[in-house]
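Participant: This one is final_26.txt, compact mmCIF, N, CA and C atoms.
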```txt
# COMPACT_ATOMS: atom_id res chain seq x y z
N MET Z 1 22.92 83.23 14.89
CA MET Z 1 22.34 81.97 15.27
C MET Z 1 23.38 80.87 15.12
N LYS Z 2 23.46 80.07 16.09
CA LYS Z 2 24.47 79.03 16.12
C LYS Z 2 23.92 77.78 15.45
N HIS Z 3 24.71 77.17 14.60
CA HIS Z 3 24.30 75.97 13.89
C HIS Z 3 24.86 74.75 14.59
N ILE Z 4 23.95 73.79 14.91
CA ILE Z 4 24.37 72.56 15.58
C ILE Z 4 24.36 71.45 14.53
N PRO Z 5 25.48 70.82 14.32
CA PRO Z 5 25.52 69.73 13.34
C PRO Z 5 24.64 68.55 13.78
N ASN Z 6 24.15 67.77 12.81
CA ASN Z 6 23.26 66.64 13.06
C ASN Z 6 23.87 65.57 13.96
N HIS Z 7 25.16 65.38 13.89
CA HIS Z 7 25.76 64.30 14.69
C HIS Z 7 25.85 64.63 16.17
N HIS Z 8 25.56 65.87 16.57
CA HIS Z 8 25.58 66.24 17.97
C HIS Z 8 24.18 66.20 18.62
N ARG Z 9 23.13 65.98 17.81
CA ARG Z 9 21.78 65.93 18.39
C ARG Z 9 21.56 64.61 19.12
N ILE Z 10 20.70 64.67 20.12
CA ILE Z 10 20.40 63.46 20.90
C ILE Z 10 19.35 62.66 20.14
N ALA Z 11 19.60 61.38 19.95
CA ALA Z 11 18.67 60.51 19.23
C ALA Z 11 17.54 60.07 20.16
N THR Z 12 16.31 60.19 19.69
CA THR Z 12 15.16 59.74 20.47
C THR Z 12 14.40 58.70 19.65
N THR Z 13 13.79 57.77 20.32
CA THR Z 13 12.98 56.77 19.62
C THR Z 13 11.57 57.30 19.50
N GLY Z 14 10.93 56.99 18.35
CA GLY Z 14 9.59 57.51 18.11
C GLY Z 14 8.52 56.45 18.19
N GLY Z 15 8.71 55.37 18.93
CA GLY Z 15 7.73 54.29 19.00
C GLY Z 15 6.80 54.43 20.19
N TYR Z 16 5.85 53.48 20.28
CA TYR Z 16 4.91 53.46 21.40
C TYR Z 16 5.41 52.48 22.44
N THR Z 17 5.05 52.73 23.67
CA THR Z 17 5.42 51.79 24.73
C THR Z 17 4.45 50.63 24.74
N LEU Z 18 4.87 49.56 25.34
CA LEU Z 18 4.02 48.37 25.45
C LEU Z 18 2.73 48.69 26.19
N MET Z 19 2.81 49.51 27.21
CA MET Z 19 1.63 49.88 27.99
C MET Z 19 0.62 50.65 27.12
N GLU Z 20 1.10 51.54 26.29
CA GLU Z 20 0.20 52.30 25.41
C GLU Z 20 -0.50 51.39 24.42
N MET Z 21 0.24 50.43 23.88
CA MET Z 21 -0.36 49.49 22.92
C MET Z 21 -1.41 48.61 23.59
N ILE Z 22 -1.14 48.12 24.78
CA ILE Z 22 -2.10 47.29 25.51
C ILE Z 22 -3.36 48.10 25.82
N LEU Z 23 -3.19 49.35 26.21
CA LEU Z 23 -4.33 50.21 26.52
C LEU Z 23 -5.20 50.43 25.28
N VAL Z 24 -4.60 50.71 24.14
CA VAL Z 24 -5.36 50.92 22.90
C VAL Z 24 -6.07 49.65 22.48
N LEU Z 25 -5.39 48.51 22.54
CA LEU Z 25 -6.04 47.24 22.18
C LEU Z 25 -7.19 46.90 23.13
N GLY Z 26 -7.04 47.22 24.40
CA GLY Z 26 -8.12 46.98 25.37
C GLY Z 26 -9.34 47.83 25.06
N ILE Z 27 -9.12 49.09 24.72
CA ILE Z 27 -10.24 49.98 24.36
C ILE Z 27 -10.93 49.48 23.09
N MET Z 28 -10.14 49.05 22.10
CA MET Z 28 -10.73 48.54 20.86
C MET Z 28 -11.55 47.28 21.12
N ALA Z 29 -11.05 46.38 21.97
CA ALA Z 29 -11.79 45.16 22.30
C ALA Z 29 -13.09 45.49 23.02
N LEU Z 30 -13.06 46.45 23.90
CA LEU Z 30 -14.27 46.87 24.61
C LEU Z 30 -15.31 47.43 23.65
N LEU Z 31 -14.89 48.28 22.74
CA LEU Z 31 -15.82 48.85 21.76
C LEU Z 31 -16.38 47.78 20.82
N LEU Z 32 -15.53 46.86 20.38
CA LEU Z 32 -15.97 45.79 19.50
C LEU Z 32 -16.99 44.88 20.20
N SER Z 33 -16.74 44.52 21.44
CA SER Z 33 -17.68 43.65 22.15
C SER Z 33 -19.02 44.36 22.39
N ALA Z 34 -18.99 45.65 22.66
CA ALA Z 34 -20.24 46.40 22.83
C ALA Z 34 -21.00 46.45 21.51
N GLY Z 35 -20.29 46.62 20.41
CA GLY Z 35 -20.94 46.64 19.10
C GLY Z 35 -21.58 45.32 18.76
N VAL Z 36 -20.90 44.22 19.03
CA VAL Z 36 -21.46 42.89 18.77
C VAL Z 36 -22.69 42.66 19.64
N TYR Z 37 -22.65 43.07 20.89
CA TYR Z 37 -23.78 42.90 21.80
C TYR Z 37 -25.03 43.61 21.26
N TYR Z 38 -24.86 44.82 20.75
CA TYR Z 38 -26.01 45.57 20.25
C TYR Z 38 -26.45 45.13 18.85
N MET Z 39 -25.60 44.44 18.10
CA MET Z 39 -25.95 43.99 16.75
C MET Z 39 -26.72 42.69 16.75
N VAL Z 40 -26.73 41.94 17.84
CA VAL Z 40 -27.41 40.66 17.88
C VAL Z 40 -28.89 40.81 17.53
N GLY Z 41 -29.57 41.77 18.07
CA GLY Z 41 -30.98 42.00 17.78
C GLY Z 41 -31.21 42.48 16.36
N VAL Z 42 -30.27 43.20 15.80
CA VAL Z 42 -30.40 43.72 14.44
C VAL Z 42 -30.37 42.59 13.43
N ILE Z 43 -29.53 41.59 13.65
CA ILE Z 43 -29.43 40.47 12.72
C ILE Z 43 -30.76 39.72 12.68
N GLY Z 44 -31.36 39.47 13.84
CA GLY Z 44 -32.65 38.77 13.88
C GLY Z 44 -33.75 39.55 13.18
N SER Z 45 -33.78 40.87 13.35
CA SER Z 45 -34.81 41.66 12.69
C SER Z 45 -34.54 41.76 11.20
N GLY Z 46 -33.28 41.63 10.80
CA GLY Z 46 -32.95 41.61 9.37
C GLY Z 46 -33.51 40.38 8.68
N GLU Z 47 -33.44 39.24 9.35
CA GLU Z 47 -34.01 38.01 8.80
C GLU Z 47 -35.52 38.13 8.66
N GLU Z 48 -36.16 38.71 9.66
CA GLU Z 48 -37.62 38.89 9.61
C GLU Z 48 -38.01 39.83 8.47
N ALA Z 49 -37.25 40.89 8.28
CA ALA Z 49 -37.53 41.83 7.19
C ALA Z 49 -37.37 41.15 5.84
N LYS Z 50 -36.37 40.28 5.71
CA LYS Z 50 -36.18 39.56 4.45
C LYS Z 50 -37.36 38.62 4.19
N VAL Z 51 -37.82 37.94 5.23
CA VAL Z 51 -38.96 37.03 5.06
C VAL Z 51 -40.20 37.81 4.62
N LYS Z 52 -40.44 38.96 5.26
CA LYS Z 52 -41.62 39.76 4.88
C LYS Z 52 -41.53 40.21 3.43
N ALA Z 53 -40.35 40.62 3.00
CA ALA Z 53 -40.17 41.04 1.60
C ALA Z 53 -40.34 39.85 0.66
N ASP Z 54 -39.79 38.70 1.04
CA ASP Z 54 -39.94 37.50 0.21
C ASP Z 54 -41.39 37.07 0.09
N VAL Z 55 -42.12 37.12 1.20
CA VAL Z 55 -43.54 36.73 1.18
C VAL Z 55 -44.33 37.64 0.24
N GLN Z 56 -44.04 38.93 0.28
CA GLN Z 56 -44.71 39.86 -0.63
C GLN Z 56 -44.34 39.57 -2.08
N ALA Z 57 -43.08 39.28 -2.35
CA ALA Z 57 -42.65 38.97 -3.72
C ALA Z 57 -43.28 37.68 -4.22
N ILE Z 58 -43.36 36.67 -3.36
CA ILE Z 58 -43.97 35.39 -3.75
C ILE Z 58 -45.47 35.60 -3.99
N SER Z 59 -46.13 36.37 -3.13
CA SER Z 59 -47.56 36.64 -3.31
C SER Z 59 -47.81 37.36 -4.63
N ALA Z 60 -46.98 38.34 -4.95
CA ALA Z 60 -47.12 39.06 -6.22
C ALA Z 60 -46.90 38.12 -7.41
N SER Z 61 -45.93 37.22 -7.28
CA SER Z 61 -45.67 36.26 -8.35
C SER Z 61 -46.83 35.28 -8.51
N LEU Z 62 -47.47 34.91 -7.41
CA LEU Z 62 -48.64 34.03 -7.50
C LEU Z 62 -49.80 34.72 -8.22
N ILE Z 63 -49.98 35.99 -7.97
CA ILE Z 63 -51.04 36.73 -8.66
C ILE Z 63 -50.71 36.84 -10.15
N ARG Z 64 -49.45 37.07 -10.48
CA ARG Z 64 -49.04 37.10 -11.90
C ARG Z 64 -49.25 35.73 -12.54
N TYR Z 65 -48.92 34.66 -11.80
CA TYR Z 65 -49.14 33.29 -12.28
C TYR Z 65 -50.61 33.07 -12.56
N GLN Z 66 -51.47 33.50 -11.63
CA GLN Z 66 -52.91 33.34 -11.79
C GLN Z 66 -53.41 34.07 -13.03
N THR Z 67 -52.88 35.27 -13.28
CA THR Z 67 -53.27 36.04 -14.46
C THR Z 67 -52.86 35.31 -15.74
N LYS Z 68 -51.66 34.78 -15.74
CA LYS Z 68 -51.14 34.11 -16.94
C LYS Z 68 -51.76 32.73 -17.14
N ALA Z 69 -51.89 31.94 -16.08
CA ALA Z 69 -52.36 30.55 -16.18
C ALA Z 69 -53.86 30.41 -15.95
N ARG Z 70 -54.50 31.49 -15.50
CA ARG Z 70 -55.94 31.53 -15.23
C ARG Z 70 -56.38 30.74 -14.00
N SER Z 71 -55.42 30.33 -13.20
CA SER Z 71 -55.72 29.70 -11.90
C SER Z 71 -54.45 29.73 -11.06
N LEU Z 72 -54.64 29.65 -9.77
CA LEU Z 72 -53.50 29.56 -8.86
C LEU Z 72 -52.96 28.14 -8.89
N PRO Z 73 -51.69 27.95 -8.53
CA PRO Z 73 -51.19 26.58 -8.41
C PRO Z 73 -51.98 25.83 -7.34
N THR Z 74 -52.17 24.55 -7.55
CA THR Z 74 -52.85 23.73 -6.55
C THR Z 74 -51.92 23.52 -5.35
N GLN Z 75 -52.49 23.01 -4.28
CA GLN Z 75 -51.70 22.70 -3.10
C GLN Z 75 -50.57 21.73 -3.47
N GLU Z 76 -50.89 20.74 -4.28
CA GLU Z 76 -49.90 19.74 -4.69
C GLU Z 76 -48.79 20.37 -5.55
N GLN Z 77 -49.16 21.25 -6.46
CA GLN Z 77 -48.16 21.90 -7.33
C GLN Z 77 -47.24 22.80 -6.52
N GLY Z 78 -47.81 23.48 -5.55
CA GLY Z 78 -47.03 24.30 -4.63
C GLY Z 78 -46.31 25.48 -5.26
N LEU Z 79 -45.43 26.07 -4.48
CA LEU Z 79 -44.69 27.25 -4.93
C LEU Z 79 -43.66 26.92 -6.00
N LYS Z 80 -43.27 25.66 -6.09
CA LYS Z 80 -42.27 25.32 -7.11
C LYS Z 80 -42.81 25.56 -8.53
N SER Z 81 -44.14 25.70 -8.65
CA SER Z 81 -44.72 25.99 -9.97
C SER Z 81 -44.35 27.40 -10.45
N LEU Z 82 -43.84 28.23 -9.54
CA LEU Z 82 -43.35 29.55 -9.95
C LEU Z 82 -41.96 29.47 -10.59
N ALA Z 83 -41.24 28.38 -10.28
CA ALA Z 83 -39.88 28.21 -10.78
C ALA Z 83 -39.78 27.14 -11.87
N GLU Z 84 -40.68 26.14 -11.82
CA GLU Z 84 -40.68 25.05 -12.79
C GLU Z 84 -42.10 24.83 -13.31
N ARG Z 85 -42.21 24.46 -14.56
CA ARG Z 85 -43.53 24.19 -15.14
C ARG Z 85 -44.16 23.00 -14.41
N PRO Z 86 -45.39 23.16 -13.94
CA PRO Z 86 -46.07 22.05 -13.24
C PRO Z 86 -46.25 20.84 -14.14
N THR Z 87 -46.11 19.66 -13.55
CA THR Z 87 -46.28 18.41 -14.30
C THR Z 87 -47.57 17.70 -13.94
N THR Z 88 -48.25 18.19 -12.90
CA THR Z 88 -49.52 17.60 -12.49
C THR Z 88 -50.66 18.50 -12.93
N PRO Z 89 -51.85 17.93 -13.14
CA PRO Z 89 -52.99 18.75 -13.57
C PRO Z 89 -53.46 19.67 -12.46
N PRO Z 90 -54.03 20.78 -12.76
CA PRO Z 90 -54.21 21.37 -14.09
C PRO Z 90 -52.92 22.06 -14.56
N GLN Z 91 -52.45 21.66 -15.71
CA GLN Z 91 -51.24 22.26 -16.26
C GLN Z 91 -51.62 23.53 -17.02
N PRO Z 92 -50.94 24.62 -16.74
CA PRO Z 92 -51.27 25.87 -17.42
C PRO Z 92 -50.85 25.84 -18.89
N GLU Z 93 -51.70 26.36 -19.76
CA GLU Z 93 -51.34 26.44 -21.18
C GLU Z 93 -50.23 27.46 -21.38
N ALA Z 94 -50.39 28.60 -20.77
CA ALA Z 94 -49.38 29.66 -20.87
C ALA Z 94 -48.65 29.73 -19.54
N TRP Z 95 -47.39 29.27 -19.53
CA TRP Z 95 -46.59 29.27 -18.31
C TRP Z 95 -45.28 30.01 -18.56
N GLN Z 96 -44.83 30.71 -17.54
CA GLN Z 96 -43.50 31.30 -17.58
C GLN Z 96 -42.92 31.26 -16.18
N GLN Z 97 -41.61 31.29 -16.12
CA GLN Z 97 -40.94 31.26 -14.82
C GLN Z 97 -41.03 32.65 -14.20
N PHE Z 98 -41.57 32.70 -12.98
CA PHE Z 98 -41.72 33.96 -12.27
C PHE Z 98 -40.66 34.15 -11.20
N MET Z 99 -40.08 33.05 -10.70
CA MET Z 99 -39.07 33.14 -9.64
C MET Z 99 -38.03 32.05 -9.83
N LYS Z 100 -36.87 32.28 -9.28
CA LYS Z 100 -35.83 31.25 -9.23
C LYS Z 100 -36.12 30.34 -8.04
N LYS Z 101 -35.70 29.11 -8.15
CA LYS Z 101 -35.96 28.13 -7.09
C LYS Z 101 -35.35 28.56 -5.75
N LYS Z 102 -34.16 29.18 -5.80
CA LYS Z 102 -33.51 29.57 -4.55
C LYS Z 102 -34.24 30.72 -3.85
N ALA Z 103 -35.10 31.44 -4.56
CA ALA Z 103 -35.88 32.52 -3.94
C ALA Z 103 -37.04 31.98 -3.12
N LEU Z 104 -37.29 30.69 -3.22
CA LEU Z 104 -38.40 30.06 -2.50
C LEU Z 104 -37.95 29.42 -1.19
N VAL Z 105 -36.76 29.84 -0.72
CA VAL Z 105 -36.19 29.31 0.52
C VAL Z 105 -35.98 30.48 1.48
N ASP Z 106 -36.40 30.29 2.74
CA ASP Z 106 -36.29 31.36 3.73
C ASP Z 106 -34.86 31.47 4.30
N PRO Z 107 -34.58 32.48 5.10
CA PRO Z 107 -33.22 32.66 5.64
C PRO Z 107 -32.72 31.51 6.51
N TRP Z 108 -33.61 30.64 6.96
CA TRP Z 108 -33.23 29.51 7.79
C TRP Z 108 -33.12 28.23 6.95
N ALA Z 109 -33.02 28.39 5.63
CA ALA Z 109 -32.81 27.30 4.67
C ALA Z 109 -33.97 26.31 4.60
N ARG Z 110 -35.19 26.79 4.86
CA ARG Z 110 -36.39 25.96 4.70
C ARG Z 110 -37.28 26.57 3.62
N GLU Z 111 -37.97 25.72 2.91
CA GLU Z 111 -38.86 26.21 1.86
C GLU Z 111 -40.02 26.99 2.45
N TYR Z 112 -40.41 28.05 1.74
CA TYR Z 112 -41.62 28.77 2.14
C TYR Z 112 -42.81 27.85 1.96
N GLN Z 113 -43.81 28.03 2.80
CA GLN Z 113 -45.01 27.19 2.79
C GLN Z 113 -46.10 27.86 1.97
N TYR Z 114 -46.94 27.03 1.35
CA TYR Z 114 -48.03 27.52 0.51
C TYR Z 114 -49.27 26.70 0.82
N ARG Z 115 -50.38 27.38 0.99
CA ARG Z 115 -51.64 26.69 1.24
C ARG Z 115 -52.72 27.33 0.37
N ASN Z 116 -53.39 26.50 -0.43
CA ASN Z 116 -54.47 26.97 -1.30
C ASN Z 116 -55.63 25.99 -1.22
N PRO Z 117 -56.77 26.42 -0.69
CA PRO Z 117 -57.09 27.72 -0.13
C PRO Z 117 -56.42 27.90 1.22
N GLY Z 118 -56.24 29.13 1.58
CA GLY Z 118 -55.55 29.43 2.83
C GLY Z 118 -56.42 29.26 4.05
N THR Z 119 -55.80 29.01 5.18
CA THR Z 119 -56.55 28.95 6.44
C THR Z 119 -56.65 30.34 7.06
N LYS Z 120 -55.62 31.14 6.90
CA LYS Z 120 -55.64 32.52 7.40
C LYS Z 120 -56.33 33.44 6.39
N ASN Z 121 -56.23 33.11 5.11
CA ASN Z 121 -56.90 33.85 4.02
C ASN Z 121 -57.78 32.87 3.25
N PRO Z 122 -58.96 32.53 3.77
CA PRO Z 122 -59.79 31.49 3.16
C PRO Z 122 -60.25 31.82 1.73
N GLU Z 123 -60.31 33.09 1.39
CA GLU Z 123 -60.75 33.48 0.05
C GLU Z 123 -59.58 33.49 -0.95
N SER Z 124 -58.38 33.24 -0.45
CA SER Z 124 -57.20 33.35 -1.29
C SER Z 124 -56.21 32.23 -0.93
N PHE Z 125 -54.99 32.59 -0.68
CA PHE Z 125 -53.93 31.63 -0.38
C PHE Z 125 -53.08 32.14 0.78
N ASP Z 126 -52.37 31.21 1.41
CA ASP Z 126 -51.41 31.56 2.46
C ASP Z 126 -50.01 31.27 1.94
N VAL Z 127 -49.11 32.20 2.14
CA VAL Z 127 -47.68 32.01 1.90
C VAL Z 127 -47.00 32.41 3.19
N TYR Z 128 -46.12 31.53 3.71
CA TYR Z 128 -45.51 31.84 5.00
C TYR Z 128 -44.22 31.07 5.22
N SER Z 129 -43.46 31.56 6.18
CA SER Z 129 -42.26 30.89 6.66
C SER Z 129 -42.56 30.33 8.04
N LEU Z 130 -41.96 29.20 8.34
CA LEU Z 130 -42.15 28.59 9.65
C LEU Z 130 -41.33 29.29 10.72
N GLY Z 131 -40.56 30.28 10.33
CA GLY Z 131 -39.77 31.05 11.28
C GLY Z 131 -38.52 30.33 11.72
N LYS Z 132 -37.87 30.90 12.69
CA LYS Z 132 -36.59 30.39 13.16
C LYS Z 132 -36.72 28.99 13.77
N ASP Z 133 -37.83 28.73 14.48
CA ASP Z 133 -37.97 27.44 15.14
C ASP Z 133 -38.37 26.31 14.20
N GLY Z 134 -38.87 26.63 13.01
CA GLY Z 134 -39.22 25.60 12.03
C GLY Z 134 -40.50 24.85 12.34
N LYS Z 135 -41.29 25.35 13.28
CA LYS Z 135 -42.53 24.67 13.67
C LYS Z 135 -43.72 25.51 13.24
N GLU Z 136 -44.71 24.83 12.70
CA GLU Z 136 -45.92 25.52 12.24
C GLU Z 136 -46.82 25.88 13.40
N GLY Z 137 -47.43 27.06 13.29
CA GLY Z 137 -48.39 27.49 14.30
C GLY Z 137 -47.80 28.20 15.50
N THR Z 138 -46.52 28.50 15.47
CA THR Z 138 -45.92 29.22 16.59
C THR Z 138 -45.90 30.73 16.27
N GLU Z 139 -45.60 31.54 17.26
CA GLU Z 139 -45.70 32.98 17.07
C GLU Z 139 -44.59 33.57 16.20
N ASP Z 140 -43.57 32.78 15.86
CA ASP Z 140 -42.52 33.31 14.98
C ASP Z 140 -42.81 33.06 13.50
N ASP Z 141 -43.94 32.44 13.17
CA ASP Z 141 -44.34 32.26 11.77
C ASP Z 141 -44.61 33.63 11.15
N ILE Z 142 -44.15 33.81 9.92
CA ILE Z 142 -44.35 35.09 9.22
C ILE Z 142 -45.02 34.77 7.89
N GLY Z 143 -46.17 35.42 7.64
CA GLY Z 143 -46.89 35.12 6.41
C GLY Z 143 -47.62 36.33 5.85
N ASN Z 144 -48.44 36.07 4.84
CA ASN Z 144 -49.18 37.13 4.16
C ASN Z 144 -50.52 37.42 4.84
N TRP Z 145 -50.55 37.31 6.14
CA TRP Z 145 -51.79 37.61 6.88
C TRP Z 145 -51.60 38.76 7.81
```
With the file now loaded, output its structure as structure tokens.
Facilitator:
Amino acid sequence: MKHIPNHHRIATTGGYTLMEMILVLGIMALLLSAGVYYMVGVIGSGEEAKVKADVQAISASLIRYQTKARSLPTQEQGLKSLAERPTTPPQPEAWQQFMKKKALVDPWAREYQYRNPGTKNPESFDVYSLGKDGKEGTEDDIGNW
């Protein structure tokens, strides 16, 4: 077998051509744009799922508040009574913090709404978000009904 010294071999470059790089970047951009297009609906449904979970958590905290304080917060006291001791009557004798204040804000940075007695739940209370549009009574409102 004949041995060829290294200095006699032909040197080749091992890089990519400009055309190959442009082709790969174009394919990546196409895939990324398709992914963003299909994710738009997922983000909106994620916000709705968070609101539904928050409404359930707030409702559970209101029931715990009622058990501890022997009454639900009044309309005036509102949901903030879950995070801060109420200062208006009837003040509960036994009070504890059930939620943090920031948990009482929906994904659109608006406070969750509370109605006692409820209009949708006349025997109980309503807890709801005004939804993305921020208007009450529209079909994007999400509540405990």
Participant: Can you tell me, as a ChimeraX atom specification, what residues are no more than 12 Å from range 47-54 of chain Z when counting only C-alpha atoms, ignoring any on the same chain fewer than 3 positions away?
Facilitator: /Z:40-44,57-61,99,102-113,127-132,140-145
Participant: Given the choices Z:Arg64, Z:Thr74, Z:Lys120, Z:Phe125, which gets closest to Gln97 in chain Z if the distance is worked out from only C-alpha atoms?
Facilitator: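 Of the candidates, the smallest distance to Gln97 in chain Z is held by Z:Arg64.
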Participant: So which residues of range 42-127 of chain Z fall under strand (DSSP E) by DSSP, listed as a list in words?
Facilitator: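 Put together, the selection reads Gln113, Tyr114, Arg115, Asp126 and Val127 of chain Z.
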Participant: As an NGL selection string, list the residues of chain Z assigned to alpha helix (DSSP H) by DSSP on the backbone atoms of this structure.
Facilitator: :Z and (18-69)
Participant: For range 57-60 of chain Z, I'd like the enclosing box, axis-aligned and padded by 8 Å on every side, reported as lines of an AutoDock Vina configuration file with centre and edge lengths in Å to one decimal.
Facilitator:
```
center_x = -45.2
center_y = 37.3
center_z = -4.9
size_x = 21.2
size_y = 19.9
size_z = 21.1
```
Participant: Within 9 Å of Gln75 in chain Z, counting only C-alpha atoms, which residues show up once you throw out same-chain ones fewer than 6 positions away? Write them as a list in words, please.
Facilitator: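 Contacts, in chain order: Tyr114, Arg115, Asn116 and Pro117 of chain Z.
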